[in-house]
Structures are given as C-alpha cells and as structure tokens.
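Asker: Please see the structure below; I have some questions.
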Amino acid sequence: MLAVPEAQLGSVCFDDRYIEGLRGWNAEAEAQFVAYFRVPIWLKARRQLRSPDLVEDACQETLLRVLRYFRSGKGLDNPERLPAFVHSVCHNVTLEMIRTRTRYAQIPENGYDCADMRDDAFQDVVTDERKKLVWEILASLSKKDRDLLRLAVLEEKDKQELCQRFGTNEDYLRVLLHRARMRFRAARLKLQRSEEHQKTEPS
C-alpha cells in the first residue's frame with residue numbers, strides 16, 4: 001500500500017468548495033479524495049479485519065459509500081468534519097463484515113477467512129424484472145466468479161456438487177462465494193454509478 005505524499009496531504013482544505021466538488025462528480029476532487037483517504041481507511045480496516053482481501057473490500061466499500069452519499073446531492077453541515085464522517089462510514093462497513101464473519105467458526109490466523117453464505121446483495125437483485133441486469137453484471141466478472149455465482153445462486157446447486165466442481169471443501173467454498181459476491185456487489189455499484197451519472201448529464 002503506497003502512502004500519499006505529505007505535501008499532498010497537507011494541501012487539502014475541507015470546505016464547502018471541496019464538498020461541492022464531490023457532490024458535482026468532479027473527477028479531480030474525487031481522485032484527490034481517494035488519494036487522501038485510501039491509506040487511513042485501509043489502516044483503520046486493517047486493525048479490525050485480519051484478511052487482506054476483506055481489508056481491501058472494506059476500503060473500496062467505504063470509498064464507494066462516501067462518494068455515493070455526496071453524489072446523491074447530500075452534504076455536511078461542517079465540511080471540516082469530513083475525515084470524521086469518512087472514518088464513521090469505515091467503522092460501519094467493518095462492523096458489517098465482522099458480523100458476517102462471526103456467523104461461522106473462527107479459523108487459524110494463517111488460514112482462510114470464513115464468509116457468509118446467507119442471501120445478500122446478489123440474491124436480492126435476482127428478480128424476474130432484473131435478470132437482464134444480473135447477467136450484464138455477471139458478464140463483467142471473471143469466468144470463475146461468474147460460474148460460481150450462476151451455479152450457487154441462479155441454479156441453486158448443492159454445496160457438495162459445487163465443492164466437487166471447483167475442487168475445494170465447504171469451508172473454502174464459503175470464502176470463494178463471499179469474494180465472488182463482493183466483486184459482484186462492486187460491479188453492481190459501478191454500473192449504478194454509471195447510470196446515475198448518465199441521468200445527470202444534459203440531454
């Protein structure tokens with residue numbers, strides 16, 4: 001993880017103009033926001049989550065949630081409180097992931113992180129009227145993630161068949177599904193952001 005240069009960090013002024021840049025989908029403001037907060041968010045998540053993959057997922061999810069918050073037109077009464085707001089969002093994200101992990105038995109430090117097999121964002125969007133969207137998102141994933149989610153969720157194959165097909169056991173199958181679902185969720189958010197941006201563009 002690369003650190004942000006001190007000169008760049010020191011030049012940031014969290015004021016109304018900065019917030020307006022985020023609300024207005026300003027590419028420069030968003031890039032600066034990500035550069036400034038990525039490392040602090042990563043470090044905060046790392047203190048609570050052991051798995052590097054989960055830490056990275058928490059980091060990406062936090063950045064996406066904050067950007068979506070401002071892109072929706074919302075703001076802050078006190079722009080100087082932006083760092084506290086971002087860290088609060090990160091705290092909530094990591095707590096959600098911890099709650100997911102505690103549904104399963106803990107595994108050794110050098111093993112794989114258990115993951116939640118319950119219905120989640122992927123299952124929620126699998127409706128008759130949104131299947132086209134689901135397949136569009138699946139097409140953007142790797143073949144392994146696409147096949148795993150299709151078989152596990154759309155075709156509802158049993159765990160033993162999935163384990164045999166992907167050459168793994170049930171514990172690691174949960175990990176594979178969790179990571180595939182997180183990537184599905186990230187792809188869905190990316191698509192939603194693109195759609196929201198298109199709606200805001202002048203016709």
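Here's how to read the names in the structure tokens: chain A, B, ... by the order shown, residue numbers from 1 in each chain, ligand numbers from 1 in the order shown.
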Determine, counting only C-alpha atoms, which protein, DNA and RNA residues have an atom within 8 Å of an atom of range 57-71 of chain A; residues of the same chain fewer than 2 positions away are not included. Present the result as a PyMOL selection string.
Answerer: chain A and resi 19+22-25+30+34+38+41-42+45+53-55+73-75+86+89-90+93-94+97+182+186+189+193
Asker: How would the residues just chosen look if you wrote them out with C-alpha atoms as a PDB file, in the first residue's frame?
Answerer:
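After the write, again27.pdb holds the following:
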```pdb
ATOM      1  CA  ILE A  19     -17.779  19.183  -0.746  1.00  0.00           C
ATOM      2  CA  LEU A  22     -17.715  15.726  -4.608  1.00  0.00           C
ATOM      3  CA  ARG A  23     -21.411  16.477  -4.988  1.00  0.00           C
ATOM      4  CA  GLY A  24     -20.817  17.595  -8.560  1.00  0.00           C
ATOM      5  CA  TRP A  25     -18.995  14.440  -9.665  1.00  0.00           C
ATOM      6  CA  GLU A  30     -12.905  12.555  -6.380  1.00  0.00           C
ATOM      7  CA  VAL A  34      -9.492   8.729  -2.887  1.00  0.00           C
ATOM      8  CA  ARG A  38      -7.390   5.438   0.952  1.00  0.00           C
ATOM      9  CA  ILE A  41      -9.214   3.859   5.680  1.00  0.00           C
ATOM     10  CA  TRP A  42      -7.028   0.855   4.862  1.00  0.00           C
ATOM     11  CA  ALA A  45      -9.914  -1.539   8.468  1.00  0.00           C
ATOM     12  CA  ASP A  53      -8.930  -9.335   0.901  1.00  0.00           C
ATOM     13  CA  LEU A  54     -11.540  -8.191   3.418  1.00  0.00           C
ATOM     14  CA  VAL A  55      -9.472  -5.129   4.294  1.00  0.00           C
ATOM     15  CA  GLY A  73     -26.712  15.647  -3.509  1.00  0.00           C
ATOM     16  CA  LYS A  74     -26.208  15.355   0.231  1.00  0.00           C
ATOM     17  CA  GLY A  75     -23.674  17.428   2.144  1.00  0.00           C
ATOM     18  CA  VAL A  86     -15.387   9.007   6.383  1.00  0.00           C
ATOM     19  CA  VAL A  89     -18.565   5.069   7.428  1.00  0.00           C
ATOM     20  CA  CYS A  90     -15.465   2.846   7.508  1.00  0.00           C
ATOM     21  CA  VAL A  93     -18.510  -1.152   6.978  1.00  0.00           C
ATOM     22  CA  THR A  94     -16.002  -3.123   9.036  1.00  0.00           C
ATOM     23  CA  MET A  97     -18.084  -7.528   7.740  1.00  0.00           C
ATOM     24  CA  MET A 182     -18.247  -8.871  -3.030  1.00  0.00           C
ATOM     25  CA  ALA A 186     -18.685  -3.789  -6.543  1.00  0.00           C
ATOM     26  CA  LEU A 189     -22.285  -0.318  -7.669  1.00  0.00           C
ATOM     27  CA  ARG A 193     -22.877   4.975 -10.602  1.00  0.00           C
TER      28      ARG A 193
END
```
Asker: Near Arg188 in chain A, counting only C-alpha atoms, which residues have an atom at most 9 Å away, once you skip same-chain residues fewer than 3 positions from it, shown as a ChimeraX atom specification?
Answerer: /A:133-134,137,183-185,191-193
Asker: Residues near Arg150 in chain A, anyone? I mean within 10 Å using only C-alpha atoms, not counting same-chain ones fewer than 6 positions away, as an MDAnalysis selection string.
Answerer: chainID A and resid 134:135 138 144 156:157
Asker: Residues at most 12 Å from Ala84 in chain A, counting only C-alpha atoms, excluding those fewer than 3 positions away in the same chain, as number ranges by chain?
Answerer: A: 14, 37, 40-41, 66, 76, 78-81, 87-91
Asker: Write a file of the just-selected residues containing N, CA and C atoms, as a PDB file, in the first residue's frame.
Answerer:
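Written file, part-v8.pdb:
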```pdb
ATOM      1  N   PHE A  14     -10.744  21.032   3.663  1.00  0.00           N
ATOM      2  CA  PHE A  14     -12.110  20.522   3.638  1.00  0.00           C
ATOM      3  C   PHE A  14     -13.077  21.680   3.893  1.00  0.00           C
ATOM      4  N   PHE A  37      -7.784   9.645   1.387  1.00  0.00           N
ATOM      5  CA  PHE A  37      -8.397   8.805   2.413  1.00  0.00           C
ATOM      6  C   PHE A  37      -8.105   7.317   2.272  1.00  0.00           C
ATOM      7  N   PRO A  40      -5.568   5.984   5.189  1.00  0.00           N
ATOM      8  CA  PRO A  40      -6.165   5.980   6.532  1.00  0.00           C
ATOM      9  C   PRO A  40      -7.296   4.956   6.676  1.00  0.00           C
ATOM     10  N   ILE A  41      -8.119   4.834   5.634  1.00  0.00           N
ATOM     11  CA  ILE A  41      -9.214   3.859   5.680  1.00  0.00           C
ATOM     12  C   ILE A  41      -8.646   2.440   5.730  1.00  0.00           C
ATOM     13  N   VAL A  66     -19.135   6.700   0.547  1.00  0.00           N
ATOM     14  CA  VAL A  66     -18.997   8.145   0.771  1.00  0.00           C
ATOM     15  C   VAL A  66     -19.236   8.905  -0.529  1.00  0.00           C
ATOM     16  N   LEU A  76     -22.540  18.110   4.161  1.00  0.00           N
ATOM     17  CA  LEU A  76     -22.220  18.104   5.584  1.00  0.00           C
ATOM     18  C   LEU A  76     -22.417  19.512   6.132  1.00  0.00           C
ATOM     19  N   ASN A  78     -20.837  20.759   8.544  1.00  0.00           N
ATOM     20  CA  ASN A  78     -19.490  21.266   8.795  1.00  0.00           C
ATOM     21  C   ASN A  78     -18.508  20.478   7.930  1.00  0.00           C
ATOM     22  N   PRO A  79     -18.081  21.034   6.787  1.00  0.00           N
ATOM     23  CA  PRO A  79     -17.174  20.319   5.882  1.00  0.00           C
ATOM     24  C   PRO A  79     -15.886  19.862   6.548  1.00  0.00           C
ATOM     25  N   GLU A  80     -15.444  20.570   7.574  1.00  0.00           N
ATOM     26  CA  GLU A  80     -14.212  20.185   8.255  1.00  0.00           C
ATOM     27  C   GLU A  80     -14.343  18.848   8.956  1.00  0.00           C
ATOM     28  N   ARG A  81     -15.572  18.391   9.131  1.00  0.00           N
ATOM     29  CA  ARG A  81     -15.812  17.097   9.774  1.00  0.00           C
ATOM     30  C   ARG A  81     -15.777  15.941   8.783  1.00  0.00           C
ATOM     31  N   HIS A  87     -14.396   8.178   8.443  1.00  0.00           N
ATOM     32  CA  HIS A  87     -13.992   7.127   9.380  1.00  0.00           C
ATOM     33  C   HIS A  87     -15.207   6.467  10.033  1.00  0.00           C
ATOM     34  N   SER A  88     -16.284   7.223  10.192  1.00  0.00           N
ATOM     35  CA  SER A  88     -17.514   6.648  10.724  1.00  0.00           C
ATOM     36  C   SER A  88     -18.103   5.634   9.736  1.00  0.00           C
ATOM     37  N   VAL A  89     -18.087   5.989   8.455  1.00  0.00           N
ATOM     38  CA  VAL A  89     -18.565   5.069   7.428  1.00  0.00           C
ATOM     39  C   VAL A  89     -17.698   3.813   7.406  1.00  0.00           C
ATOM     40  N   CYS A  90     -16.383   3.986   7.486  1.00  0.00           N
ATOM     41  CA  CYS A  90     -15.465   2.846   7.508  1.00  0.00           C
ATOM     42  C   CYS A  90     -15.745   1.945   8.705  1.00  0.00           C
ATOM     43  N   HIS A  91     -16.001   2.553   9.848  1.00  0.00           N
ATOM     44  CA  HIS A  91     -16.311   1.784  11.055  1.00  0.00           C
ATOM     45  C   HIS A  91     -17.555   0.932  10.843  1.00  0.00           C
TER      46      HIS A  91
END
```
Asker: Return as an MDAnalysis selection string the full set of residues in range 10-81 of chain A whose backbone-based DSSP assignment is alpha helix (DSSP H).
Answerer: chainID A and resid 10 16:23 27:48 52:71
Asker: Quick check, in Å to one decimal: how far apart do CA of Asp145 in chain A and CA of Leu95 in chain A lie?
Answerer: 25.1 Å
Asker: Take CA of Cys163 in chain A and CA of Pro52 in chain A and report the distance between them in Å, one decimal.
Answerer: 23.8 Å
Asker: With distances taken over only C-alpha atoms, which residue among A:Glu161, A:Lys190, A:Ser140, A:Arg146 lies nearest Leu176 in chain A?
Answerer: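 Residue with the minimum atom-to-atom distance to Leu176 in chain A: A:Arg146.
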Asker: What does the structure give for the distance between CA of Arg179 in chain A and CA of Ala27 in chain A, in Å to one decimal?
Answerer: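 Separation between CA of Arg179 in chain A and CA of Ala27 in chain A: 28.4 Å.
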Asker: So that I can see what lies close to Asp158 in chain A, please list as a list in words the residues with an atom at most 12 Å from it, counting only C-alpha atoms and leaving out residues fewer than 5 positions away in the same chain.
Answerer: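 Counting only C-alpha atoms, the residues come to Leu148, Leu151, Ala152, Val153, Cys163, Gln164, Arg165, Glu170 and Leu173 of chain A.
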